[in-house]
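Here is the file final_11.csv (CSV, C-alpha atoms).
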```csv
chain,number,residue,atom,x,y,z
A,1,ALA,CA,-10.5,-13.9,33.7
A,2,ASP,CA,-12.1,-16.0,36.5
A,3,PRO,CA,-12.7,-13.8,39.6
A,4,GLY,CA,-12.4,-16.9,41.8
A,5,ALA,CA,-9.1,-18.0,40.3
A,6,ASP,CA,-5.6,-16.8,41.2
A,7,ARG,CA,-4.5,-16.7,37.5
A,8,LEU,CA,-5.5,-14.9,34.3
A,9,GLU,CA,-6.4,-17.1,31.4
A,10,VAL,CA,-6.2,-15.6,28.0
A,11,LEU,CA,-9.2,-16.9,25.9
A,12,ALA,CA,-8.6,-14.9,22.8
A,13,ALA,CA,-5.6,-13.0,21.3
A,14,LEU,CA,-5.7,-10.0,19.0
A,15,PRO,CA,-3.8,-10.1,15.7
A,16,PRO,CA,-0.5,-8.2,15.7
A,17,ALA,CA,-0.9,-4.6,14.6
A,18,ASP,CA,1.4,-2.5,12.5
A,19,PRO,CA,1.4,1.2,13.7
A,20,ASP,CA,2.0,2.4,10.1
A,21,ASP,CA,-0.7,0.2,8.5
A,22,LEU,CA,-3.7,0.3,10.8
A,23,ASP,CA,-6.1,0.2,7.9
A,24,ASP,CA,-5.5,-3.6,7.7
A,25,LEU,CA,-6.9,-4.3,11.1
A,26,VAL,CA,-10.0,-6.5,11.1
A,27,ALA,CA,-12.7,-6.4,13.8
A,28,ASP,CA,-13.4,-9.6,15.7
A,29,THR,CA,-17.1,-9.4,15.0
A,30,VAL,CA,-19.3,-7.4,12.6
A,31,LEU,CA,-23.1,-7.0,12.9
A,32,ASP,CA,-25.4,-5.4,10.5
A,33,GLY,CA,-29.1,-5.3,9.7
A,34,ALA,CA,-32.0,-3.5,7.9
A,35,HIS,CA,-35.6,-3.8,6.9
A,36,TYR,CA,-36.8,-3.4,3.3
A,37,GLY,CA,-40.0,-4.5,1.7
A,38,ALA,CA,-40.9,-7.9,2.9
A,39,CYS,CA,-37.4,-8.7,4.1
A,40,THR,CA,-35.7,-8.2,7.5
A,41,LEU,CA,-32.0,-8.6,7.3
A,42,ARG,CA,-29.7,-9.6,10.2
A,43,ALA,CA,-26.1,-10.2,9.2
A,44,ALA,CA,-23.1,-11.2,11.3
A,45,SER,CA,-19.5,-12.2,10.7
A,46,VAL,CA,-17.6,-13.7,13.7
A,47,ARG,CA,-13.9,-14.7,14.0
A,48,GLY,CA,-13.5,-18.4,14.6
A,49,ASP,CA,-12.3,-19.9,17.9
A,50,SER,CA,-9.1,-21.2,16.5
A,51,ALA,CA,-8.2,-17.9,14.9
A,52,ARG,CA,-8.9,-16.2,18.2
A,53,TYR,CA,-6.7,-18.6,20.1
A,54,ARG,CA,-3.9,-18.2,17.6
A,55,GLY,CA,-4.3,-14.4,17.3
A,56,GLU,CA,-5.1,-14.5,13.7
A,57,PRO,CA,-7.5,-12.0,12.0
A,58,ARG,CA,-11.0,-12.9,10.9
A,59,ARG,CA,-10.7,-14.3,7.4
A,60,ASP,CA,-14.3,-13.5,6.5
A,61,SER,CA,-15.5,-10.2,5.1
A,62,LEU,CA,-19.1,-9.1,5.3
A,63,LEU,CA,-20.5,-6.3,3.2
A,64,THR,CA,-24.1,-5.1,3.2
A,65,ALA,CA,-25.1,-2.3,0.8
A,66,ARG,CA,-28.3,-0.7,-0.6
A,67,PHE,CA,-28.3,0.6,-4.1
A,68,GLY,CA,-31.1,2.9,-5.3
A,69,THR,CA,-34.1,4.2,-3.5
A,70,GLY,CA,-37.7,3.3,-2.8
A,71,GLU,CA,-39.1,0.3,-4.5
A,72,GLN,CA,-36.3,0.4,-7.1
A,73,ALA,CA,-33.7,-0.3,-4.4
A,74,LEU,CA,-31.6,-3.5,-4.3
A,75,VAL,CA,-29.9,-4.8,-1.1
A,76,LEU,CA,-26.7,-6.8,-1.5
A,77,VAL,CA,-25.3,-9.1,1.2
A,78,ALA,CA,-21.8,-10.3,0.3
A,79,MET,CA,-19.7,-12.7,2.3
A,80,ALA,CA,-16.2,-13.7,1.3
A,81,THR,CA,-13.6,-16.0,2.9
A,82,GLY,CA,-9.9,-15.9,2.2
A,83,ALA,CA,-7.8,-18.9,1.7
A,84,ARG,CA,-6.9,-20.7,4.9
A,85,ALA,CA,-3.4,-20.3,6.5
A,86,THR,CA,-2.4,-17.4,4.2
A,87,PRO,CA,-1.3,-14.0,5.6
A,88,GLY,CA,-3.5,-11.9,3.2
A,89,ALA,CA,-6.7,-13.9,3.5
A,90,HIS,CA,-8.7,-11.1,5.1
A,91,LEU,CA,-7.5,-8.6,2.5
A,92,ALA,CA,-8.5,-10.9,-0.4
A,93,ALA,CA,-11.9,-11.4,1.2
A,94,ALA,CA,-12.5,-7.7,1.6
A,95,GLU,CA,-11.4,-7.0,-1.9
A,96,ALA,CA,-13.7,-9.6,-3.3
A,97,CYS,CA,-16.7,-8.1,-1.5
A,98,GLN,CA,-15.8,-4.6,-2.6
A,99,TRP,CA,-15.4,-5.5,-6.2
A,100,ILE,CA,-18.7,-7.5,-6.4
A,101,ALA,CA,-20.5,-4.6,-4.6
A,102,ARG,CA,-19.2,-2.1,-7.1
A,103,ALA,CA,-20.3,-4.3,-10.0
A,104,VAL,CA,-23.7,-4.9,-8.6
A,105,GLY,CA,-24.1,-1.2,-7.7
A,106,ARG,CA,-23.4,0.0,-11.2
A,107,SER,CA,-25.8,-2.6,-12.6
A,108,HIS,CA,-28.5,-2.5,-9.9
A,109,GLY,CA,-31.2,-0.9,-12.1
A,110,ARG,CA,-31.0,-3.7,-14.7
A,111,LEU,CA,-30.7,-6.3,-12.0
A,112,VAL,CA,-33.9,-5.1,-10.3
A,113,GLU,CA,-35.8,-5.3,-13.6
A,114,ASP,CA,-34.5,-8.8,-14.3
A,115,ILE,CA,-35.4,-10.0,-10.9
A,116,ARG,CA,-38.9,-8.6,-11.1
A,117,ALA,CA,-39.4,-10.2,-14.5
A,118,ALA,CA,-37.7,-13.5,-13.4
A,119,ARG,CA,-35.3,-13.4,-16.4
A,120,ARG,CA,-33.2,-16.4,-15.2
A,121,GLY,CA,-31.0,-16.5,-18.3
A,122,ASP,CA,-30.1,-12.9,-18.1
A,123,LEU,CA,-29.4,-13.0,-14.4
A,124,LYS,CA,-27.3,-16.2,-14.7
A,125,SER,CA,-25.1,-14.8,-17.5
A,126,GLY,CA,-24.8,-11.3,-15.9
A,127,LEU,CA,-24.0,-12.4,-12.4
A,128,HIS,CA,-21.6,-15.1,-13.6
A,129,ARG,CA,-19.8,-12.4,-15.5
A,130,LEU,CA,-19.6,-10.1,-12.5
A,131,THR,CA,-18.3,-12.9,-10.3
A,132,ASP,CA,-15.6,-13.9,-12.8
A,133,ARG,CA,-14.5,-10.3,-13.0
A,134,SER,CA,-14.2,-10.0,-9.2
A,135,LEU,CA,-12.0,-13.1,-9.0
A,136,GLY,CA,-10.0,-11.9,-12.0
A,137,LYS,CA,-9.3,-8.7,-10.0
A,138,LEU,CA,-7.9,-10.8,-7.2
A,139,ARG,CA,-5.6,-12.7,-9.6
A,140,ALA,CA,-4.4,-9.3,-11.0
A,141,THR,CA,-3.7,-8.0,-7.5
A,142,ALA,CA,-1.8,-11.2,-6.7
A,143,ALA,CA,0.3,-10.8,-9.8
A,144,GLU,CA,1.1,-7.1,-9.0
A,145,GLN,CA,2.2,-8.1,-5.5
A,146,GLY,CA,4.2,-11.2,-6.6
A,147,ILE,CA,1.9,-13.5,-4.6
A,148,ASP,CA,0.8,-17.0,-5.6
A,149,PRO,CA,-2.7,-16.6,-7.0
A,150,GLU,CA,-3.8,-19.6,-4.9
A,151,GLU,CA,-2.9,-17.7,-1.8
A,152,TYR,CA,-4.7,-14.5,-2.7
A,153,THR,CA,-8.2,-15.7,-3.5
A,154,ALA,CA,-11.6,-16.1,-1.8
A,155,SER,CA,-14.8,-17.9,-1.8
A,156,LEU,CA,-17.7,-15.6,-2.4
A,157,ARG,CA,-21.4,-15.9,-1.6
A,158,CYS,CA,-24.0,-13.2,-2.2
A,159,LEU,CA,-27.7,-12.5,-1.8
A,160,LEU,CA,-29.7,-9.9,-3.7
A,161,LEU,CA,-32.9,-8.7,-2.0
A,162,PRO,CA,-35.2,-6.4,-3.9
A,163,ALA,CA,-36.8,-3.7,-1.7
A,164,ASP,CA,-40.1,-3.9,-3.7
A,165,PRO,CA,-42.6,-5.6,-1.2
A,166,GLU,CA,-44.5,-7.1,-4.2
A,167,CYS,CA,-41.3,-8.9,-5.4
A,168,ARG,CA,-40.8,-12.1,-3.4
A,169,THR,CA,-37.8,-13.4,-5.3
A,170,ARG,CA,-34.4,-13.6,-3.7
A,171,VAL,CA,-31.3,-14.3,-5.8
A,172,PHE,CA,-28.3,-16.3,-4.5
A,173,PHE,CA,-25.0,-16.5,-6.3
A,174,GLY,CA,-21.4,-17.1,-5.7
A,175,ILE,CA,-18.4,-19.3,-6.2
A,176,GLY,CA,-16.3,-21.6,-3.9
A,177,GLU,CA,-17.0,-23.2,-0.6
A,178,GLY,CA,-20.0,-22.2,1.5
A,179,GLY,CA,-23.6,-23.0,2.1
A,180,LEU,CA,-27.1,-21.5,2.2
A,181,PHE,CA,-29.5,-22.2,5.1
A,182,ARG,CA,-32.9,-20.8,5.9
A,183,LEU,CA,-34.1,-20.4,9.5
A,184,ARG,CA,-37.7,-21.4,10.1
A,185,ASP,CA,-39.4,-22.3,13.4
A,186,GLY,CA,-36.1,-22.5,15.3
A,187,ALA,CA,-34.4,-24.9,12.9
A,188,PHE,CA,-32.1,-24.4,9.9
A,189,GLN,CA,-33.1,-25.8,6.5
A,190,ASP,CA,-30.3,-26.6,4.1
A,191,ILE,CA,-31.5,-25.0,0.8
A,192,GLU,CA,-28.1,-25.1,-1.0
A,193,PRO,CA,-28.8,-26.4,-4.5
A,194,GLN,CA,-27.3,-29.7,-5.3
A,195,VAL,CA,-24.1,-29.2,-7.4
A,196,THR,CA,-21.9,-31.8,-9.1
A,197,GLU,CA,-18.3,-32.3,-8.2
A,198,THR,CA,-17.0,-31.0,-11.5
A,199,THR,CA,-15.8,-27.4,-12.0
A,200,GLY,CA,-16.4,-25.2,-15.0
A,201,GLU,CA,-19.6,-23.4,-15.9
A,202,ALA,CA,-21.8,-22.2,-13.1
A,203,VAL,CA,-25.1,-24.0,-12.5
A,204,VAL,CA,-28.6,-23.0,-11.7
A,205,GLY,CA,-30.8,-24.8,-9.2
A,206,PHE,CA,-33.9,-24.5,-7.1
A,207,GLY,CA,-32.4,-25.9,-3.9
A,208,SER,CA,-33.7,-28.7,-1.7
A,209,PRO,CA,-37.4,-28.7,-0.7
A,210,PRO,CA,-39.1,-26.6,0.5
A,211,SER,CA,-38.1,-24.2,-2.2
A,212,GLU,CA,-40.8,-21.7,-1.3
A,213,THR,CA,-41.9,-20.4,2.1
A,214,PRO,CA,-45.6,-20.2,3.1
A,215,GLU,CA,-45.4,-16.4,2.5
A,216,GLY,CA,-44.3,-17.1,-1.1
A,217,ASP,CA,-40.7,-16.2,-0.8
A,218,ARG,CA,-38.7,-17.9,-3.6
A,219,LEU,CA,-35.0,-18.5,-3.9
A,220,THR,CA,-34.7,-18.8,-7.6
A,221,MET,CA,-31.1,-19.0,-8.6
A,222,ASP,CA,-27.7,-20.4,-7.5
A,223,LEU,CA,-24.5,-19.7,-9.4
A,224,GLY,CA,-22.2,-21.6,-7.0
A,225,ILE,CA,-19.7,-24.2,-8.0
A,226,THR,CA,-17.9,-26.5,-5.6
A,227,THR,CA,-14.4,-25.1,-6.0
A,228,PRO,CA,-13.0,-21.9,-7.6
A,229,PRO,CA,-11.5,-22.3,-11.0
A,230,SER,CA,-7.8,-22.6,-11.4
A,231,PRO,CA,-6.2,-19.1,-11.0
A,232,TYR,CA,-4.0,-19.9,-14.0
A,233,GLU,CA,-7.0,-20.3,-16.4
A,234,PRO,CA,-7.9,-17.2,-18.4
```

In structure tokens, how does this file's structure come out?
Amino acid sequence: ADPGADRLEVLAALPPADPDDLDDLVADTVLDGAHYGACTLRAASVRGDSARYRGEPRRDSLLTARFGTGEQALVLVAMATGARATPGAHLAAAEACQWIARAVGRSHGRLVEDIRAARRGDLKSGLHRLTDRSLGKLRATAAEQGIDPEEYTASLRCLLLPADPECRTRVFFGIGEGGLFRLRDGAFQDIEPQVTETTGEAVVGFGSPPSETPEGDRLTMDLGITTPPSPYEP
């Protein structure tokens, strides 16, 4: 509202709420952060201007979680985005984050060992399998609810951050649309690995230069593909 004006202008609208199903409400903005080892984490998920104007919920879901303790801990940052213009987009995004978090949490001990030892092959196959299972769960939920699988799906991007200060490796994986940028000296560097237009097997890449920071931080792996696989494929 403009104090100097004689009218009230609505700049944002809240999504409609069901009094019997308030668990489905999604906050407009989510902020999170932590400090482990050599990494300071600041995470944010914000509802877009168009969604605010139309009174639609935030389609993104942000999940940050620590598994394990001490130098054996592993921090997961998961961001999922539901399909555009679908009523359950925010639910699919939240489910994708929760399932990948459960899978990573149950395997965090092995993942920490693989990251420390730079076992790229084991990480690629393991994380690809976890991502596929998470998307498979979304397809199963869609079938249970009688929803078109293409309407109940999500793009998923994740970071794995070891708490061990001696381990400078960061692992990035996911599927679907999205990007990866690094903020240095007030400017964003696009370090999304170059991926072909074809779908199918996930790919591994080092990203565009510079692939390593002056401190020695390395982004070693990407399992992203340009579009999710068909929901009708096994």

Handout entry: For Pro149 in chain A, the nearest of the candidates A:Ala89, A:Ala17, A:Val30, A:Ala43, counting only C-alpha atoms
Key =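 Residue with the minimum atom-to-atom distance to Pro149 in chain A: A:Ala89.
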
Problem - CA of Thr81 in chain A to CA of Trp99 in chain A, straight-line distance in Å - result: 14.0 Å

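Restricting the calculation to all atoms listed in the file, the smallest distance between Arg58 in chain A and any of A:Gly37, A:Gly105, A:Pro15, A:Gly179 is found for A:Pro15.
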
Practice task
Find the residue from A:Leu41, A:Cys158, A:Ala73, A:Leu22 that sits nearest to Ser61 in chain A; use all atoms listed in the file when measuring.
Solution key: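 Comparing A:Leu41, A:Cys158, A:Ala73, A:Leu22 against Ser61 in chain A, the winner is A:Cys158.
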
Problem - Two-atom distance - CA of Asp20 in chain A, CA of Glu56 in chain A (Å) - result: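 Separation of CA of Asp20 in chain A and CA of Glu56 in chain A: 18.7 Å.
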
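Atom pair CA of Tyr36 in chain A / CA of Val171 in chain A: separated by 15.2 Å.
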
Exercise for the section: Take the point (-20.5, -10.9, 7.9) as written in the file and pick out every residue within 10 Å of it, counting all atoms listed in the file; give the list as a PyMOL selection string. Expected result: chain A and resi 29-32+42-47+60-64+77-81

Exercise for the section: Give the answer as one residue: which of A:Leu161, A:Thr153, A:Ala118, A:Gly146 has the shortest atom-to-atom distance to Val104 in chain A, using only C-alpha atoms? Expected result: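 Of all the options, A:Leu161 lies closest to Val104 in chain A.
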
Exercise for the section: Would you mind listing what lies within 8 Å of range 121-123 of chain A as a list in words, with only C-alpha atoms counted and same-chain residues fewer than 6 positions away left out? Expected result: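 Near range 121-123 of chain A, the qualifying residues are Leu111, Asp114 and Ile115 of chain A.
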
Handout entry: Top pick for closest residue to Arg116 in chain A, considering A:Ala94, A:Cys167, A:Leu130, A:Ala154 and counting all atoms listed in the file
Key =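 Among the listed residues, A:Cys167 lies closest to Arg116 in chain A.
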
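Proximity ranking of A:Ala117, A:Leu91, A:Cys97, A:Leu156 relative to Asp23 in chain A places A:Leu91 first, based on only C-alpha atoms.
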
Practice task
Compile the contact shell of Val112 in chain A as an MDAnalysis selection string: residues with an atom at most 8 Å away, counting only C-alpha atoms, same-chain residues fewer than 6 positions apart removed.
Solution key: chainID A and resid 72:74 162
